[in-house]
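Engineer: Provided herewith is a single structure, encoded as structure tokens, for subsequent inquiry.
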Protein chains: 2
Amino acid sequence: MVRSLCDTNPCMTHTTCEVSLPCCADGGSLSSVKAPQVSGVRVQLEMHALWQQFDQLGTEMIVTKAGRRMFPTFQVQISGMDPTAEYVLLMDFISVDNTRYRYAFHSSSWLVAGRADVVAPSRMHFHPDSPAHGAQWMKQTVSFDTLKLTNNLLDDNGHMILNSMHRYQPRFHVVYVDPAPSSSHLNAHRNFCSFSFPETRFMAVTAYQNHRITQLKIACNPYAKGFRTTDPQDR
Amino acid sequence: MVRSLCDTNPCMTHTTCEVSLPCCADGGSLSSVKAPQVSGVRVQLEMHALWQQFDQLGTEMIVTKAGRRMFPTFQVQISGMDPTAEYVLLMDFISVDNTRYRYAFHSSSWLVAGRADVVAPSRMHFHPDSPAHGAQWMKQTVSFDTLKLTNNLLDDNGHMILNSMHRYQPRFHVVYVDPAPSSSHLNAHRNFCSFSFPETRFMAVTAYQNHRITQLKIACNPYAKGFRTTDPQDR
DNA sequence: TACTTGACACCTAGGTGGAAAGGT
DNA sequence: ACCTTTCCACCTAGGTGTCAAGTA
């Protein structure tokens, strides 16, 4: 099931929508003329049911100084690429709002705690297999399992820097590597398309707040098997 | 210290020598005209002292059905590449002679046991980072630590297929990826150079024969630490 | 009070040679 | 007799949440 379209209409529904790269954002009129290598690209989120299960509780992702993996892992199945063209795949994380949150244990809900802190340096995470041909990307699931989240503003390990107690939306970008170097700058806005899956939004935290999130992580993440007690809800 | 030269003279000394790719072997007159992207490439074997220590005892490498890593690992430091040119790095293993061996425990030596068995299918192992630019290859040691050896003639995991009780010489190849596709076939012999380090020769075995090799492996390979007794020769 | 850090036990994943069994 | 295969305990390497302590 294709869950994302590579068009430029700001999408307000709760399914999927396309967003522009910050550096290339325009009114939408220019970016609607996409290069044929990206215009047909379709992206499907893997482990969709698991993401939804977390999203319904309010997904939290741990950030640490050393860097922490995401769970669930962001994985996609891609189709519609030019098999012979070369692509770079990358991710970034954008702030969902300008808000700092706090968790109210008594009501088990997130409350606004003020304006967002100073914005962390925005980074791009290139998929380590980049660049590769369309055929390579499409033949199996593309996984960002090595991506790590950190709250260390001075991180020099290339991890994604996020502010704890802030909400983020992961974004996925497909960039066509134009073999003509002269045109690649002029047509940069034509050579990529971006995808956001609202069910992958999450709150960055240094320790889990919602106990039901903790339990779901323990139940589903194989590395947390040591904390399982009853109800072996494996895989 | 540069230990290998990219020339075409068959080298009979015990230091280093260049060998041609089997498919491109010629009299030597043609291949002496190398493309500038490979003519200056120099390769230095890492862990040279360790390799020599094993070589003096007669290096053995385990082969298994599932595939076994090499120890020591084949690692090289490269210089002299064109930083902006693209290269593919690969390895293969050639039979040192046409002989099958057996080990005489009483004399602790290898004896000829007849003609070589039917030759195993020859494979190339591409370094997983291939292709990459010269600058990338040169900036740090290139390691073939994921390469595995197998004695399974029907292996479909891409491992290197070797015959047990036969002797092999690892070879390392640097291939310049010519951006002009039409010329890459015509000039294939100009676009690569190869390196052999005699101290990396070894006997393929399914179980270690020389006990001193076993002890040296246990002493130096961190994964074999469980078998260490006295003399903590830890790295 | 509210959040962050670091040490820790407990996992997954997979690389070692040993030892016994299997094969020819 | 000689070689190969399989299972195993013991490692390395690193991903989990917990808990106590630290910070402001």
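Following the order of the structure tokens, first chain is A, next is B, and so on, with residues numbered from 1 inside each chain and ligands from 1 in the order they appear.
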Need the shell around DA2 in chain C: protein/DNA/RNA residues with any atom at most 12 Å away, counting only C-alpha atoms (C1' of nucleotides). Skip same-chain ones fewer than 5 positions apart. Format as a list in words?
Structural biologist: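 That gives Tyr101, Arg102, Tyr103, Ala104, Phe105, Ala113, Met165, Thr206, Ala207 and Gln209 of chain A; DT23 and DA24 of chain D.
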Engineer: For the residues selected in the previous step, produce a file with N, CA, C and O atoms (P, O5', C5', C4', C3', O3' and C1' of nucleotides) as a short mmCIF file (atom, residue, chain, number, x, y, z; two decimals), in the first residue's frame.
Structural biologist:
```cif
data_model
loop_
_atom_site.label_atom_id
_atom_site.label_comp_id
_atom_site.auth_asym_id
_atom_site.auth_seq_id
_atom_site.Cartn_x
_atom_site.Cartn_y
_atom_site.Cartn_z
N TYR A 101 7.22 20.54 26.44
CA TYR A 101 6.15 19.83 27.14
C TYR A 101 6.62 19.33 28.50
O TYR A 101 7.82 19.25 28.77
N ARG A 102 5.64 18.99 29.34
CA ARG A 102 5.95 18.21 30.53
C ARG A 102 4.85 17.17 30.69
O ARG A 102 3.75 17.31 30.15
N TYR A 103 5.16 16.11 31.41
CA TYR A 103 4.22 15.01 31.53
C TYR A 103 3.54 15.07 32.89
O TYR A 103 4.21 15.15 33.93
N ALA A 104 2.22 15.03 32.89
CA ALA A 104 1.45 15.01 34.14
C ALA A 104 1.11 13.57 34.47
O ALA A 104 0.26 12.96 33.81
N PHE A 105 1.79 13.01 35.49
CA PHE A 105 1.61 11.60 35.83
C PHE A 105 0.19 11.32 36.29
O PHE A 105 -0.39 10.29 36.00
N ALA A 113 4.47 23.24 28.49
CA ALA A 113 5.29 23.78 29.57
C ALA A 113 5.99 25.05 29.14
O ALA A 113 6.93 25.50 29.80
N MET A 165 11.91 16.61 25.75
CA MET A 165 10.61 17.20 26.07
C MET A 165 10.07 18.09 24.93
O MET A 165 9.28 18.99 25.16
N THR A 206 14.47 11.96 28.08
CA THR A 206 15.68 11.32 28.62
C THR A 206 15.31 10.11 29.46
O THR A 206 16.17 9.28 29.76
N ALA A 207 14.07 10.02 29.87
CA ALA A 207 13.55 8.83 30.56
C ALA A 207 12.08 8.73 30.21
O ALA A 207 11.40 9.75 30.07
N GLN A 209 8.21 8.58 30.23
CA GLN A 209 7.22 9.22 31.09
C GLN A 209 5.97 8.36 31.22
O GLN A 209 5.53 8.06 32.32
P DT D 23 26.36 17.11 40.30
"O5'" DT D 23 25.17 17.94 39.64
"C5'" DT D 23 24.80 17.69 38.29
"C4'" DT D 23 23.58 18.53 37.92
"C3'" DT D 23 23.60 19.96 38.48
"O3'" DT D 23 23.32 20.84 37.43
"C1'" DT D 23 21.54 18.92 38.91
P DA D 24 23.90 22.36 37.48
"O5'" DA D 24 22.58 23.25 37.41
"C5'" DA D 24 21.49 22.83 36.61
"C4'" DA D 24 20.21 23.45 37.15
"C3'" DA D 24 20.44 24.70 38.00
"O3'" DA D 24 19.48 25.69 37.65
"C1'" DA D 24 19.12 23.19 39.17
#
```
Engineer: Which chain B residues are at most 10 Å from chain A (counting only C-alpha atoms), as a list in words?
Structural biologist: Pro128, Asp129, Pro131 and Ala132 of chain B
Engineer: How would the residues just picked look written out with all heavy atoms as a short mmCIF file (atom, residue, chain, number, x, y, z; two decimals), in the first residue's frame?
Structural biologist:
```cif
data_model
loop_
_atom_site.label_atom_id
_atom_site.label_comp_id
_atom_site.auth_asym_id
_atom_site.auth_seq_id
_atom_site.Cartn_x
_atom_site.Cartn_y
_atom_site.Cartn_z
N PRO B 128 32.96 -4.06 0.77
CA PRO B 128 31.56 -3.57 0.85
C PRO B 128 31.41 -2.06 0.65
O PRO B 128 30.32 -1.62 0.31
CB PRO B 128 31.12 -4.00 2.25
CG PRO B 128 32.37 -4.40 2.97
CD PRO B 128 33.35 -4.82 1.93
N ASP B 129 32.45 -1.29 0.82
CA ASP B 129 32.34 0.16 0.61
C ASP B 129 32.47 0.54 -0.86
O ASP B 129 32.31 1.72 -1.21
CB ASP B 129 33.39 0.92 1.42
CG ASP B 129 33.16 0.81 2.92
OD1 ASP B 129 32.11 0.26 3.31
OD2 ASP B 129 34.03 1.25 3.69
N PRO B 131 31.58 1.10 -4.79
CA PRO B 131 32.71 1.94 -5.16
C PRO B 131 32.78 3.17 -4.27
O PRO B 131 31.78 3.58 -3.69
CB PRO B 131 32.35 2.35 -6.59
CG PRO B 131 30.86 2.34 -6.62
CD PRO B 131 30.39 1.36 -5.59
N ALA B 132 33.97 3.75 -4.16
CA ALA B 132 34.14 4.98 -3.39
C ALA B 132 35.29 5.77 -3.99
O ALA B 132 36.06 5.24 -4.81
CB ALA B 132 34.41 4.65 -1.92
#
```
Engineer: Mind checking which residues fall within 12 Å of DG22 in chain C, counting only C-alpha atoms (C1' of nucleotides), ignoring those fewer than 4 positions away in the same chain, and posting them as JSON, numbers by chain?
Structural biologist: {"D": [3, 4, 5, 6]}
Engineer: When you look at DC11 in chain C with a cut-off of 8 Å (counting only C-alpha atoms (C1' of nucleotides)), what residues show up, excluding the ones that are within fewer than 6 positions of it in the same chain? I need them as a PyMOL selection string.
Structural biologist: (chain A and resi 222-226) or (chain D and resi 16)
Engineer: With all heavy atoms retained, could you export that selection as a tab-separated table (two decimals), in the first residue's frame?
Structural biologist:
```
chain	number	residue	atom	x	y	z
A	222	PRO	N	13.40	-6.59	21.07
A	222	PRO	CA	14.11	-7.80	21.52
A	222	PRO	C	15.24	-7.51	22.49
A	222	PRO	O	15.56	-8.36	23.31
A	222	PRO	CB	14.63	-8.41	20.20
A	222	PRO	CG	14.49	-7.35	19.16
A	222	PRO	CD	13.38	-6.45	19.61
A	223	TYR	N	15.83	-6.33	22.41
A	223	TYR	CA	16.94	-6.02	23.32
A	223	TYR	C	16.45	-5.75	24.74
A	223	TYR	O	17.27	-5.66	25.66
A	223	TYR	CB	17.72	-4.81	22.82
A	223	TYR	CG	18.53	-5.10	21.58
A	223	TYR	CD1	18.19	-4.54	20.37
A	223	TYR	CD2	19.62	-5.96	21.65
A	223	TYR	CE1	18.94	-4.81	19.23
A	223	TYR	CE2	20.36	-6.24	20.52
A	223	TYR	CZ	20.02	-5.67	19.32
A	223	TYR	OH	20.75	-5.93	18.20
A	224	ALA	N	15.16	-5.60	24.92
A	224	ALA	CA	14.61	-5.34	26.26
A	224	ALA	C	13.98	-6.59	26.84
A	224	ALA	O	13.25	-6.52	27.82
A	224	ALA	CB	13.60	-4.20	26.19
A	225	LYS	N	14.29	-7.75	26.22
A	225	LYS	CA	13.65	-9.00	26.64
A	225	LYS	C	13.91	-9.29	28.12
A	225	LYS	O	13.09	-9.92	28.80
A	225	LYS	CB	14.17	-10.15	25.79
A	225	LYS	CG	13.44	-11.46	26.02
A	225	LYS	CD	13.89	-12.55	25.07
A	225	LYS	CE	13.27	-12.39	23.69
A	225	LYS	NZ	13.64	-13.51	22.79
A	226	GLY	N	15.04	-8.81	28.64
A	226	GLY	CA	15.38	-9.06	30.02
A	226	GLY	C	14.41	-8.46	31.02
A	226	GLY	O	14.42	-8.82	32.19
D	16	DT	P	18.04	-0.51	21.18
D	16	DT	OP1	16.91	-0.75	20.30
D	16	DT	OP2	18.46	0.87	21.46
D	16	DT	O5'	17.77	-1.27	22.54
D	16	DT	C5'	17.35	-0.53	23.66
D	16	DT	C4'	16.74	-1.48	24.66
D	16	DT	O4'	17.75	-2.37	25.14
D	16	DT	C3'	16.25	-0.72	25.87
D	16	DT	O3'	14.87	-0.48	25.70
D	16	DT	C2'	16.52	-1.66	27.03
D	16	DT	C1'	17.71	-2.49	26.55
D	16	DT	N1	19.04	-2.06	27.09
D	16	DT	C2	19.45	-2.56	28.30
D	16	DT	O2	18.77	-3.29	28.98
D	16	DT	N3	20.71	-2.14	28.70
D	16	DT	C4	21.55	-1.30	28.01
D	16	DT	O4	22.66	-1.02	28.46
D	16	DT	C5	21.06	-0.81	26.76
D	16	DT	C7	21.91	0.10	25.94
D	16	DT	C6	19.83	-1.20	26.36
```
Engineer: What are the closest atom pairs, with distances in Å to one decimal, for all residues of chain D lying within 12 Å of chain A? Consider only C-alpha atoms (C1' of nucleotides), order rows by chain and residue number, and present the result as JSON lines.
Structural biologist:
```
{"residue": "D:DG14", "atom": "C1'", "partner": "A:Tyr223", "partner_atom": "CA", "distance": 10.3}
{"residue": "D:DG15", "atom": "C1'", "partner": "A:Tyr223", "partner_atom": "CA", "distance": 5.8}
{"residue": "D:DT16", "atom": "C1'", "partner": "A:Ala224", "partner_atom": "CA", "distance": 4.2}
{"residue": "D:DG17", "atom": "C1'", "partner": "A:Ala224", "partner_atom": "CA", "distance": 6.8}
{"residue": "D:DT18", "atom": "C1'", "partner": "A:Phe227", "partner_atom": "CA", "distance": 9.1}
{"residue": "D:DC19", "atom": "C1'", "partner": "A:Ala207", "partner_atom": "CA", "distance": 11.8}
```
Engineer: Select, from A:Val177, A:Leu147, A:Ala66, A:Val88, the residue with the minimum atom-to-atom distance to chain C, counting only C-alpha atoms (C1' of nucleotides).
Structural biologist: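 Of all the options, A:Ala66 lies closest to chain C.
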Engineer: Write out as a list in words every residue belonging to chain C that has an atom at most 7 Å from any atom of chain B, counting only C-alpha atoms (C1' of nucleotides).
Structural biologist: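 Every residue of chain C that passes the 7 Å test is in DG15, DT16 and DG17 of chain C.
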Engineer: Which is closer to DT5 in chain C than all the others in A:Asn151, A:Asn98, A:Asn191, A:Gln140, using only C-alpha atoms (C1' of nucleotides)?
Structural biologist: A:Asn151
Engineer: Enter the distance from CA of Arg190 in chain A to CA of Ala35 in chain A, in Å, rounded to one decimal.
Structural biologist: 5.3 Å
Engineer: Can you list every residue in range 49-182 of chain B that DSSP puts in strand (DSSP E or B), as a PyMOL selection string?
Structural biologist: chain B and resi 60-62+64+68-69+75-79+86-95+99-104+109-115+125-126+132-133+142-143+148-150+160-161+167-176
Engineer: Got a sec: who's within 7 Å of Cys193 in chain B, counting only C-alpha atoms (C1' of nucleotides), leaving out chain neighbours fewer than 2 positions off, as a list in words?
Structural biologist: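 Close residues of Cys193 in chain B: Cys6, Val38, His173, Val174 and Val175 of chain B.
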Engineer: Those same residues - C-alpha atoms - I'd like them written as a PDB file, in the first residue's frame.
Structural biologist:
```pdb
ATOM      1  CA  CYS B   6      52.086  -1.317  -9.423  1.00  0.00           C
ATOM      2  CA  VAL B  38      46.219   3.581 -10.900  1.00  0.00           C
ATOM      3  CA  HIS B 173      43.042  -5.422  -6.601  1.00  0.00           C
ATOM      4  CA  VAL B 174      42.447  -1.716  -7.134  1.00  0.00           C
ATOM      5  CA  VAL B 175      40.131  -0.966 -10.054  1.00  0.00           C
TER       6      VAL B 175
END
```
Engineer: CA of His166 in chain B and CA of Leu89 in chain B are how many Å apart?
Structural biologist: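 Taking CA of His166 in chain B as the start and CA of Leu89 in chain B as the end point, the length is 25.2 Å.
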Engineer: Taking only range 60-221 of chain A into account, list the residues labelled helix (DSSP H, G or I) by DSSP (computed from the backbone), as a list in words.
Structural biologist: Gly134, Ala135, Gln136, Trp137, Met138, Pro181, Ser182, Ser183, Ser184, His185, Leu186, Ala188, His189, Arg190, Pro198, Glu199, Thr200, His211, Arg212, Ile213, Thr214, Gln215, Leu216, Lys217, Ile218, Ala219 and Cys220 of chain A
Engineer: List the spatial neighbours of range 78-81 of chain A as a list in words - criterion: any atom at most 6 Å away, only C-alpha atoms (C1' of nucleotides), same-chain residues fewer than 2 positions off excluded.
Structural biologist: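 Result of the neighbour search: Gly40, Val41, Arg42, Val43, Pro83, Gly134 and Met138 of chain A.
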Engineer: For DA20 in chain D, find every residue with an atom within 12 Å (counting only C-alpha atoms (C1' of nucleotides)), except residues of its own chain fewer than 3 positions away, and show them as a list in words.
Structural biologist: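 Result of the neighbour search: DT5, DG6, DA7 and DC8 of chain C.
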Engineer: Between CA of Pro72 in chain B and CA of Arg100 in chain B, what is the spacing in Å?
Structural biologist: 23.3 Å
